[in-house]
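Structure data (compact mmCIF, C-alpha atoms) from target.txt:
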```txt
# COMPACT_ATOMS: atom_id res chain seq x y z
CA MET A 380 -8.99 -13.86 -27.49
CA THR A 381 -9.43 -10.33 -28.58
CA SER A 382 -6.42 -8.27 -29.44
CA THR A 383 -7.49 -5.28 -27.41
CA PRO A 384 -4.33 -4.09 -25.71
CA SER A 385 -4.47 -3.29 -22.06
CA VAL A 386 -3.21 0.06 -21.02
CA VAL A 387 0.20 -0.03 -19.46
CA GLN A 388 1.39 3.05 -17.72
CA ASN A 389 4.80 3.57 -16.32
CA SER A 390 4.88 6.46 -13.97
CA GLY A 391 8.44 6.06 -12.85
CA GLN A 392 10.79 4.53 -15.30
CA VAL A 393 10.21 6.85 -18.21
CA LEU A 394 10.13 9.99 -16.13
CA PRO A 395 13.08 11.85 -14.70
CA ALA A 396 14.25 11.15 -11.18
CA GLY A 397 12.42 13.22 -8.63
CA HIS A 398 9.12 12.92 -10.45
CA GLU A 399 6.27 13.17 -8.02
CA PRO A 400 3.99 10.19 -8.39
CA ALA A 401 0.59 11.68 -8.98
CA ASN A 402 -1.38 9.17 -7.01
CA LEU A 403 -1.60 10.23 -3.38
CA GLY A 404 -3.31 6.96 -2.56
CA ASP A 405 -0.33 4.99 -3.77
CA ILE A 406 1.95 7.03 -1.54
CA LEU A 407 -0.28 6.88 1.52
CA GLU A 408 -0.76 3.18 1.10
CA ARG A 409 2.97 2.73 1.25
CA VAL A 410 4.11 5.20 3.88
CA LEU A 411 1.28 4.48 6.31
CA ASP A 412 1.06 0.73 6.18
CA ARG A 413 4.34 -0.49 4.82
CA GLY A 414 7.85 0.49 5.66
CA ILE A 415 9.68 -0.71 8.70
CA VAL A 416 8.26 -0.03 12.13
CA ILE A 417 10.90 1.29 14.47
CA ALA A 418 9.74 2.29 17.90
CA GLY A 419 10.33 6.01 18.12
CA ASP A 420 10.02 8.11 21.23
CA ILE A 421 6.90 9.82 20.03
CA ARG A 422 4.20 7.22 20.24
CA VAL A 423 1.36 7.84 17.90
CA SER A 424 -0.91 4.92 17.44
CA LEU A 425 -2.16 5.41 13.92
CA LEU A 426 -5.26 3.51 14.90
CA ASP A 427 -6.25 6.24 17.31
CA ILE A 428 -6.43 8.69 14.49
CA GLU A 429 -9.89 9.40 13.21
CA LEU A 430 -8.54 9.57 9.70
CA LEU A 431 -7.37 6.04 10.13
CA THR A 432 -10.80 5.07 11.31
CA LEU A 433 -11.94 6.39 7.99
CA LYS A 434 -9.30 4.23 6.42
CA LEU A 435 -10.71 1.19 8.15
CA ARG A 436 -14.10 2.10 6.84
CA LEU A 437 -12.71 2.06 3.34
CA VAL A 438 -11.05 -1.25 3.94
CA ILE A 439 -14.47 -2.63 4.66
CA ALA A 440 -15.95 -1.02 1.57
CA SER A 441 -13.12 -2.38 -0.47
CA VAL A 442 -13.49 -5.82 1.05
CA ASP A 443 -17.06 -5.94 -0.10
CA THR A 444 -16.10 -4.78 -3.56
CA ALA A 445 -13.38 -7.34 -3.76
CA ARG A 446 -15.51 -10.18 -2.52
CA GLN A 447 -17.92 -9.47 -5.31
CA ILE A 448 -15.21 -10.30 -7.75
CA GLY A 449 -14.25 -13.43 -5.89
CA ILE A 450 -11.19 -12.21 -4.07
CA ASP A 451 -11.27 -13.45 -0.53
CA TRP A 452 -7.73 -14.28 0.40
CA TRP A 453 -7.75 -12.00 3.44
CA GLU A 454 -10.31 -14.30 5.00
CA HIS A 455 -7.25 -16.19 6.14
CA ASP A 456 -5.79 -13.12 7.76
CA PRO A 457 -6.41 -13.05 11.48
CA TRP A 458 -7.06 -9.34 11.44
CA LEU A 459 -9.95 -9.57 9.04
CA SER A 460 -11.01 -13.17 9.34
CA SER A 461 -13.14 -13.17 12.46
CA ARG A 462 -16.12 -11.69 10.73
CA ALA A 463 -19.34 -13.39 11.62
CA ARG A 464 -21.50 -11.87 8.94
CA PRO A 465 -22.34 -13.73 5.77
CA PRO A 466 -21.10 -12.17 2.54
CA VAL A 467 -23.19 -9.27 1.43
CA GLU A 468 -25.24 -9.32 -1.70
CA PRO A 469 -23.45 -7.95 -4.71
CA GLY A 470 -24.41 -4.41 -5.42
CA PRO A 471 -23.65 -0.95 -4.20
CA ARG A 472 -23.96 -0.33 -0.51
CA ASP A 473 -23.86 2.87 1.36
CA PRO A 474 -20.39 2.99 2.92
CA GLU A 475 -21.81 4.80 5.92
CA GLU A 476 -24.22 2.00 6.49
CA VAL A 477 -21.54 -0.62 6.10
CA GLU A 478 -19.35 1.23 8.48
CA ALA A 479 -22.07 1.70 11.03
CA GLU A 480 -22.73 -2.01 11.05
CA ARG A 481 -19.17 -3.07 11.36
CA ARG A 482 -17.43 -0.35 13.18
CA PRO A 483 -17.77 -1.80 16.67
CA ARG A 484 -16.28 -5.10 15.62
CA VAL A 485 -13.56 -3.53 13.54
CA ALA A 486 -12.64 -1.19 16.34
CA ALA A 487 -12.46 -4.06 18.77
CA ARG A 488 -10.30 -6.03 16.41
CA ALA A 489 -8.15 -3.04 15.76
CA ARG A 490 -7.54 -2.60 19.45
CA ARG A 491 -6.43 -6.18 19.69
CA ARG A 492 -3.88 -5.96 16.99
CA ASP A 493 -1.79 -3.42 15.24
CA VAL A 494 -3.10 -2.16 11.96
CA GLY A 495 -3.16 -4.77 9.21
CA ARG A 496 -0.18 -4.25 7.02
CA GLU A 497 -1.64 -5.12 3.70
CA GLU A 498 -5.34 -5.22 4.01
CA TRP A 499 -6.42 -1.65 3.75
CA ASP A 500 -7.28 1.24 1.64
CA GLU A 501 -6.98 4.91 2.16
CA ILE A 502 -9.34 7.76 1.74
CA ASP A 503 -9.31 9.90 -1.30
CA GLY A 504 -8.67 13.59 -1.29
CA MET B 1278 -0.19 8.21 23.90
CA ARG B 1279 2.79 8.46 26.16
CA SER B 1280 6.44 9.10 25.91
CA THR B 1281 8.60 6.44 27.38
CA VAL B 1282 11.85 8.28 27.75
CA GLU B 1283 13.29 11.03 29.83
CA PRO B 1284 13.28 14.52 28.45
CA PRO B 1285 15.66 14.88 25.52
CA THR B 1286 19.21 15.78 26.28
CA ASP B 1287 19.55 18.33 23.51
CA ALA B 1288 17.28 20.80 21.77
CA GLY B 1289 14.15 19.98 23.67
CA ASP B 1290 11.78 21.49 21.17
CA THR B 1291 12.87 19.46 18.17
CA GLY B 1292 12.62 15.80 17.33
CA ARG B 1293 14.22 13.55 14.74
CA TRP B 1294 11.91 12.29 12.04
CA LEU B 1295 13.31 9.07 10.61
CA HIS B 1296 13.16 8.65 6.84
CA GLY B 1297 15.12 5.49 6.37
CA VAL B 1298 18.24 3.48 7.07
CA LEU B 1299 21.04 2.82 4.64
CA ARG B 1300 24.72 2.08 4.40
CA GLU B 1301 27.36 4.77 4.48
CA ALA B 1302 28.42 3.90 0.93
CA ASP B 1303 24.95 4.69 -0.40
CA LEU B 1304 24.75 8.11 1.16
CA GLY B 1305 25.80 9.91 -2.00
CA LEU B 1306 22.77 12.05 -2.79
CA LEU B 1307 22.23 13.30 0.71
CA SER B 1308 23.77 16.73 0.65
CA GLY B 1309 21.16 19.43 0.37
CA LEU B 1310 18.25 17.02 0.16
CA PRO B 1311 15.34 18.89 1.75
CA GLY B 1312 13.49 17.13 4.54
CA MET B 1313 10.22 17.60 6.34
CA THR B 1314 10.55 21.31 6.96
CA GLY B 1315 12.58 22.20 3.91
CA GLU B 1316 15.83 22.12 5.86
CA PRO B 1317 18.33 19.56 4.60
CA VAL B 1318 18.13 16.07 6.06
CA ARG B 1319 21.01 14.81 8.20
CA PRO B 1320 22.74 11.50 8.75
CA VAL B 1321 22.91 9.84 12.16
CA ARG B 1322 25.54 7.11 12.25
CA ALA B 1323 25.67 4.06 14.48
CA ALA B 1324 26.51 0.38 14.25
CA GLY B 1325 27.89 0.76 10.75
CA LEU B 1326 24.55 2.09 9.51
CA VAL B 1327 23.22 5.52 8.69
CA ALA B 1328 19.80 6.82 9.63
CA VAL B 1329 18.63 9.77 7.58
CA VAL B 1330 16.58 12.16 9.66
CA SER B 1331 14.87 15.52 9.50
CA ALA B 1332 14.90 17.80 12.50
CA VAL B 1333 11.26 18.63 13.19
CA PRO B 1334 9.64 21.02 15.63
CA LEU B 1335 7.74 19.15 18.30
CA THR B 1336 5.10 21.83 18.21
CA GLU B 1337 4.06 20.25 14.92
CA TYR B 1338 5.48 16.74 15.18
CA GLY B 1339 5.23 16.02 18.89
CA GLU B 1340 2.87 13.43 20.20
CA GLU B 1341 -0.10 15.66 20.75
CA ALA B 1342 0.47 17.66 17.58
CA LEU B 1343 0.89 14.55 15.46
CA HIS B 1344 -2.28 13.15 16.83
CA ARG B 1345 -4.10 16.28 15.78
CA ASN B 1346 -2.32 16.85 12.48
CA LEU B 1347 -2.72 13.32 11.18
CA GLU B 1348 -6.44 14.00 11.13
CA ASP B 1349 -5.87 16.72 8.61
CA LEU B 1350 -5.69 15.24 5.15
CA ALA B 1351 -3.94 18.27 3.70
CA TRP B 1352 -1.28 18.04 6.39
CA LEU B 1353 -1.02 14.30 5.95
CA GLU B 1354 -0.60 14.65 2.22
CA ARG B 1355 2.13 17.24 2.57
CA VAL B 1356 3.98 15.16 5.14
CA ALA B 1357 3.54 11.90 3.26
CA ARG B 1358 4.87 13.45 0.07
CA ALA B 1359 7.80 15.08 1.87
CA HIS B 1360 8.75 11.83 3.56
CA HIS B 1361 8.35 9.86 0.37
CA ARG B 1362 10.42 12.37 -1.59
CA VAL B 1363 13.36 11.83 0.75
CA VAL B 1364 12.99 8.05 0.79
CA ASP B 1365 12.69 8.01 -2.97
CA ALA B 1366 15.84 10.09 -3.41
CA LEU B 1367 17.72 7.77 -1.07
CA ALA B 1368 16.45 4.72 -2.92
CA ARG B 1369 17.76 6.09 -6.18
CA ALA B 1370 21.23 6.25 -4.67
CA GLY B 1371 21.23 2.75 -3.20
CA ALA B 1372 19.53 0.32 -0.89
CA VAL B 1373 17.35 1.89 1.78
CA VAL B 1374 15.03 0.55 4.43
CA PRO B 1375 12.13 3.03 4.46
CA ALA B 1376 10.71 3.98 7.83
CA ARG B 1377 7.00 4.08 8.37
CA LEU B 1378 5.44 7.50 8.52
CA ALA B 1379 5.68 9.36 11.83
CA THR B 1380 8.69 7.60 13.34
CA VAL B 1381 10.02 10.34 15.60
CA HIS B 1382 12.82 10.19 18.17
CA HIS B 1383 13.77 12.83 20.70
CA ASP B 1384 17.38 13.22 19.63
CA ASP B 1385 20.24 11.77 17.63
CA GLY B 1386 21.28 9.54 20.50
CA ARG B 1387 17.92 7.83 20.56
CA VAL B 1388 18.03 7.30 16.79
CA ALA B 1389 21.49 5.78 17.13
CA ALA B 1390 20.22 3.49 19.87
CA SER B 1391 17.50 2.22 17.55
CA LEU B 1392 20.06 1.50 14.85
CA THR B 1393 22.22 -0.41 17.28
CA GLU B 1394 19.32 -2.36 18.64
CA ARG B 1395 18.05 -3.43 15.20
CA ARG B 1396 21.45 -3.65 13.52
CA ALA B 1397 21.39 -7.28 12.41
CA GLU B 1398 17.88 -7.07 11.02
CA LEU B 1399 18.55 -3.82 9.20
CA ALA B 1400 21.80 -5.06 7.71
CA ALA B 1401 20.11 -8.22 6.46
CA LEU B 1402 17.33 -6.20 4.90
CA LEU B 1403 19.80 -3.92 3.16
CA ASP B 1404 21.61 -6.94 1.76
CA ARG B 1405 18.35 -8.26 0.43
CA LEU B 1406 17.33 -4.94 -1.12
CA THR B 1407 20.62 -4.05 -2.75
CA GLY B 1408 20.30 -3.64 -6.50
CA ARG B 1409 16.55 -4.15 -6.44
CA GLY B 1410 13.48 -1.99 -6.75
CA GLU B 1411 9.81 -2.34 -5.99
CA TRP B 1412 7.31 -2.25 -8.84
CA GLY B 1413 3.59 -1.89 -8.43
CA VAL B 1414 1.16 -3.57 -10.78
CA LYS B 1415 -2.52 -2.88 -10.50
CA GLY B 1416 -5.19 -4.60 -12.51
CA TYR B 1417 -8.59 -3.03 -13.11
CA VAL B 1418 -11.62 -4.93 -14.23
CA VAL B 1419 -12.55 -4.29 -17.86
CA PRO B 1420 -16.30 -4.69 -18.17
CA GLY B 1421 -18.06 -5.47 -21.40
CA ALA B 1422 -16.08 -8.53 -22.38
CA VAL B 1423 -19.12 -10.71 -21.88
CA PRO B 1424 -21.77 -10.42 -24.59
CA GLN B 1425 -25.29 -9.50 -23.64
CA ALA B 1426 -27.49 -12.54 -23.21
CA GLU B 1427 -30.08 -13.06 -25.93
CA GLU B 1428 -33.55 -12.35 -24.77
CA THR B 1429 -35.46 -15.52 -25.44
CA ALA B 1430 -39.19 -15.86 -25.58
CA GLY B 1431 -40.58 -17.87 -22.75
CA PRO B 1432 -43.62 -18.48 -20.65
CA GLY B 1433 -44.84 -16.17 -17.99
CA GLY B 1434 -45.28 -12.78 -19.66
CA ALA B 1435 -43.51 -9.53 -19.05
CA GLY B 1436 -42.70 -10.11 -15.39
CA ALA B 1437 -40.97 -13.40 -16.03
CA ALA B 1438 -39.17 -11.94 -19.02
CA TYR B 1439 -37.87 -9.16 -16.81
CA LEU B 1440 -36.64 -11.65 -14.26
CA ARG B 1441 -34.90 -13.69 -16.93
CA ARG B 1442 -33.30 -10.56 -18.30
CA ARG B 1443 -32.23 -9.49 -14.84
CA ARG B 1444 -30.77 -12.89 -14.11
CA ALA B 1445 -28.86 -12.84 -17.37
CA GLN B 1446 -27.44 -9.45 -16.47
CA LEU B 1447 -26.32 -10.69 -13.09
CA THR B 1448 -24.79 -13.78 -14.60
CA ALA B 1449 -22.90 -11.66 -17.09
CA ARG B 1450 -21.63 -9.47 -14.31
CA GLU B 1451 -20.49 -12.46 -12.32
CA ASP B 1452 -18.70 -13.77 -15.39
CA VAL B 1453 -16.84 -10.50 -15.78
CA GLN B 1454 -15.86 -10.61 -12.13
CA ARG B 1455 -14.83 -14.23 -12.21
CA ASN B 1456 -12.78 -13.69 -15.35
CA ALA B 1457 -11.08 -10.67 -13.82
CA ALA B 1458 -10.28 -12.53 -10.62
CA ALA B 1459 -8.82 -15.45 -12.54
CA ALA B 1460 -6.79 -13.12 -14.71
CA ALA B 1461 -5.50 -11.29 -11.65
CA ALA B 1462 -4.30 -14.55 -10.15
CA ALA B 1463 -2.63 -15.59 -13.39
CA VAL B 1464 -0.95 -12.22 -13.86
CA HIS B 1465 0.29 -12.17 -10.28
CA GLU B 1466 1.69 -15.65 -10.56
CA ALA B 1467 3.51 -14.86 -13.79
CA LEU B 1468 4.95 -11.63 -12.38
CA SER B 1469 5.99 -13.38 -9.16
CA ARG B 1470 8.12 -15.76 -11.16
CA HIS B 1471 10.07 -12.79 -12.50
CA ALA B 1472 10.48 -11.18 -9.10
CA VAL B 1473 12.70 -11.80 -6.11
CA ALA B 1474 9.68 -11.43 -3.87
CA ALA B 1475 6.04 -10.55 -4.36
CA ARG B 1476 3.23 -9.27 -2.21
CA ARG B 1477 -0.40 -9.05 -3.04
CA HIS B 1478 -2.01 -6.12 -1.27
CA ALA B 1479 -5.71 -5.59 -0.82
CA PRO B 1480 -7.26 -3.91 -3.82
CA GLN B 1481 -7.70 -0.19 -3.41
CA ASP B 1482 -11.18 1.15 -3.03
CA ARG B 1483 -12.41 3.02 -6.06
CA ARG B 1484 -12.57 6.25 -4.11
CA LEU B 1485 -8.86 5.86 -3.55
CA SER B 1486 -7.83 4.51 -6.93
CA GLY B 1487 -9.99 7.00 -8.77
CA ALA B 1488 -10.54 4.31 -11.39
CA PRO B 1489 -13.92 3.82 -13.04
CA THR B 1490 -13.90 0.08 -12.40
CA ALA B 1491 -12.94 -2.19 -9.54
CA MET B 1492 -9.37 -3.18 -8.86
CA ALA B 1493 -8.74 -6.90 -8.96
CA LEU B 1494 -4.97 -6.87 -8.50
CA ASN B 1495 -2.79 -4.68 -6.32
CA GLY B 1496 0.59 -6.34 -6.44
CA ALA B 1497 4.08 -5.31 -5.36
CA TYR B 1498 7.15 -6.97 -6.80
CA LEU B 1499 10.77 -6.75 -5.76
CA VAL B 1500 12.76 -6.90 -8.97
CA ASP B 1501 16.47 -6.88 -9.71
CA ALA B 1502 17.42 -3.62 -11.41
CA THR B 1503 18.91 -5.62 -14.24
CA ALA B 1504 15.59 -7.38 -14.76
CA ALA B 1505 13.39 -4.27 -14.60
CA ALA B 1506 13.08 -3.80 -18.35
CA GLY B 1507 12.12 -7.43 -18.77
CA PHE B 1508 9.58 -7.09 -16.00
CA ALA B 1509 7.97 -4.08 -17.70
CA GLY B 1510 7.87 -6.02 -20.94
CA LEU B 1511 6.21 -8.91 -19.17
CA VAL B 1512 3.53 -6.59 -17.81
CA GLU B 1513 2.82 -5.46 -21.33
CA THR B 1514 2.67 -9.02 -22.61
CA LEU B 1515 0.35 -10.08 -19.80
CA GLY B 1516 -1.86 -7.07 -20.44
CA ALA B 1517 -2.28 -8.13 -24.04
CA ARG B 1518 -2.97 -11.71 -22.99
CA HIS B 1519 -5.63 -10.68 -20.47
CA PRO B 1520 -7.91 -8.06 -22.01
CA GLU B 1521 -10.31 -8.59 -19.11
CA LEU B 1522 -7.84 -6.66 -16.97
CA ARG B 1523 -6.34 -3.24 -17.53
CA LEU B 1524 -2.85 -3.37 -16.08
CA GLU B 1525 -1.01 -0.40 -14.70
CA LEU B 1526 2.68 -0.46 -13.84
CA THR B 1527 4.26 2.03 -11.45
CA GLY B 1528 7.78 2.26 -10.18
CA PRO B 1529 10.45 1.85 -9.31
CA TRP B 1530 9.35 2.54 -5.75
CA PRO B 1531 11.50 2.38 -2.68
CA PRO B 1532 11.00 -1.11 -1.28
CA TYR B 1533 8.21 -0.15 1.11
CA SER B 1534 6.44 -3.47 0.69
CA PHE B 1535 9.46 -5.62 1.45
CA VAL B 1536 10.68 -4.43 4.82
CA ALA B 1537 7.71 -5.13 7.05
CA GLU B 1538 8.60 -7.75 9.56
CA ARG B 1539 6.58 -10.87 9.05
CA PRO B 1540 8.74 -13.43 10.70
CA ALA B 1541 6.27 -16.27 10.34
CA GLU B 1542 6.13 -16.10 6.59
CA PRO B 1543 8.43 -14.99 3.83
CA ALA B 1544 7.49 -12.09 1.62
CA ARG B 1545 6.24 -14.59 -0.92
CA VAL B 1546 2.60 -14.39 -1.76
CA ARG B 1547 -0.09 -16.05 0.14
CA GLU B 1548 -1.93 -17.64 -2.68
CA PRO B 1549 -5.54 -16.66 -2.75
CA ALA B 1550 -7.89 -19.53 -2.12
CA TRP B 1551 -9.79 -19.81 -5.30
```

Would you kindly transcribe this structure into structure tokens?
Amino acid sequence: MTSTPSVVQNSGQVLPAGHEPANLGDILERVLDRGIVIAGDIRVSLLDIELLTLKLRLVIASVDTARQIGIDWWEHDPWLSSRARPPVEPGPRDPEEVEAERRPRVAARARRRDVGREEWDEIDG
Amino acid sequence: MRSTVEPPTDAGDTGRWLHGVLREADLGLLSGLPGMTGEPVRPVRAAGLVAVVSAVPLTEYGEEALHRNLEDLAWLERVARAHHRVVDALARAGAVVPARLATVHHDDGRVAASLTERRAELAALLDRLTGRGEWGVKGYVVPGAVPQAEETAGPGGAGAAYLRRRRAQLTAREDVQRNAAAAAAAVHEALSRHAVAARRHAPQDRRLSGAPTAMALNGAYLVDATAAAGFAGLVETLGARHPELRLELTGPWPPYSFVAERPAEPARVREPAW
């Protein structure tokens, strides 16, 4: 046991109300994939948006990253679990290449089901 | 990509962007709160509930325009921040059920109809959220905890030595990753015990998190307001106990992670299978 303290940041509690959280990713993650879904009159399938395709690409990249560190709980999620490929070797992969390999299957899966609520990442700015 | 209702009965060129649903009693901060276009947001009342909406021009927020604009990251950022700002302000005044981005109705009547239709579910959610906030805890892998393997002399010359060295490096990296994953599970479990509900989201990609190392934990925790200080203290304690993870606490957030309908399972964590 070392005594090295981990960094703890608190971006909300110690700052005045109305503080803008700096991390756009944190906001996008929440407003795009969480929050209640109420059927409005304007129907925009977020999955039809190219930006969201990019998001799916990053989910895949992040899945690979996470699997390298032994996190595989989404394998039980129907949206992500039907993958036929064996786990990739640890090590950096070109996201474009990953996406090119998997896009057809992801797109097909995405069409079958609404966007996964938890299992995603968002692009950076 | 289709509208399913008749043309709106009022102001045909504006829609109602839904920010969230709350109870009348929690409406305190509303007056003057700027919405999507800078104009103040408005309440729409029905079924004993209040929907907070922004009037938005359909030239920008209509179906076709949304489809186009959502492709534009700058637009998306502005809209996401504007929506979040309203939801956040509402959450500071009381319980709110945040609406997902881009929930747009044609007019107040249609918003009211949605409230009426989902009344029981919304009221139950508000009961559950009252007096509670969402906290985010992310854990980043801290490399370097594992000592470099000693290079031992062995048969086979330089090539074999290189392979041994390479293998030792890979083993060390796997150890770091395994340790981080185990720590993430332990931290999440400990935090879950201090929360009303907990969700474990997929780790953010590094391009999103901006962090130099991989994220092993991306947790959301619904915590009683009275227990928030204790929760923050626990994060600090856990961070000290697990130097293989760098913990980051954010919040309180509006309860975005605890309103998604998942009827088959409670908001409790699905334990990872390790």

* To do: For atom CA of Arg1355 of chain B and atom CA of Leu403 of chain A, quote the distance in Å rounded to one decimal.
  => 9.9 Å

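Distance-wise, atom CA of Ala1506 of chain B and atom CA of Pro1520 of chain B end up 21.7 Å apart.
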
* Structure fact -> chain A proximity check over B:Gly1305, B:Gly1292, B:Gly1325, B:Pro1320, using all atoms listed in the file: winner is B:Gly1292

* Around the point (4.2, -7.8, -6.0), in the coordinates given by the file, pick out the residues reaching within 10 Å, counting all atoms listed in the file, and return them as JSON, numbers by chain. => {"B": [1411, 1412, 1413, 1414, 1415, 1465, 1466, 1468, 1469, 1472, 1473, 1474, 1475, 1476, 1477, 1478, 1494, 1495, 1496, 1497, 1498, 1499, 1500, 1534, 1535, 1544, 1545, 1546]}

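The interatomic distance for the pair atom CA of Gly1312 of chain B and atom CA of Ala1401 of chain B works out to 26.3 Å.
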
Can you list every residue of chain B that has an atom at most 6 Å from chain A, with its nearest atom pair and the distance in Å to one decimal, using all atoms listed in the file, ordered by chain then number, as a Markdown table?
```
| residue | atom | partner | partner_atom | distance |
| --- | --- | --- | --- | --- |
| B:Met1278 | CA | A:Arg422 | CA | 5.8 |
| B:Ser1280 | CA | A:Ile421 | CA | 5.9 |
| B:Glu1340 | CA | A:Ile421 | CA | 5.4 |
| B:Glu1348 | CA | A:Leu430 | CA | 5.1 |
| B:Pro1375 | CA | A:Gly414 | CA | 5.1 |
| B:Ala1376 | CA | A:Ile415 | CA | 4.9 |
| B:Arg1377 | CA | A:Gly414 | CA | 4.6 |
| B:Leu1378 | CA | A:Val410 | CA | 5.3 |
| B:Thr1380 | CA | A:Gly419 | CA | 5.3 |
| B:Val1381 | CA | A:Gly419 | CA | 5.0 |
| B:His1382 | CA | A:Asp420 | CA | 4.6 |
| B:Gln1454 | CA | A:Ile448 | CA | 4.4 |
| B:Arg1455 | CA | A:Ile448 | CA | 6.0 |
| B:His1478 | CA | A:Glu497 | CA | 5.1 |
| B:Ala1479 | CA | A:Glu498 | CA | 4.9 |
| B:Gln1481 | CA | A:Asp500 | CA | 5.3 |
| B:Asp1482 | CA | A:Ser441 | CA | 4.8 |
| B:Arg1484 | CA | A:Asp503 | CA | 5.6 |
| B:Leu1485 | CA | A:Asp503 | CA | 4.6 |
| B:Gly1516 | CA | A:Ser385 | CA | 4.9 |
| B:Ala1517 | CA | A:Pro384 | CA | 4.8 |
| B:Pro1520 | CA | A:Ser385 | CA | 5.9 |
| B:Arg1523 | CA | A:Ser385 | CA | 4.9 |
| B:Leu1524 | CA | A:Val387 | CA | 5.6 |
| B:Glu1525 | CA | A:Val387 | CA | 4.9 |
| B:Leu1526 | CA | A:Asn389 | CA | 5.2 |
| B:Thr1527 | CA | A:Ser390 | CA | 5.1 |
| B:Gly1528 | CA | A:Gly391 | CA | 4.7 |
| B:Pro1529 | CA | A:Gly391 | CA | 5.9 |
| B:Tyr1533 | CA | A:Gly414 | CA | 4.6 |
| B:Ser1534 | CA | A:Arg413 | CA | 5.5 |
| B:Val1536 | CA | A:Ile415 | CA | 5.5 |
| B:Ala1537 | CA | A:Ile415 | CA | 5.1 |
| B:Pro1549 | CA | A:Trp452 | CA | 4.5 |
| B:Ala1550 | CA | A:Trp452 | CA | 5.8 |
```

* Nearby residues (all atoms listed in the file) at most 10 Å from Ala1390 of chain B, same-chain spacing under 6 positions excluded, as a ChimeraX atom specification -> /B:1322-1324,1396

* Restricting the calculation to all atoms listed in the file, which member of B:Val1356, B:Gly1436, B:His1296, B:Leu1447 is positioned closest to Leu1343 of chain B? -> B:Val1356
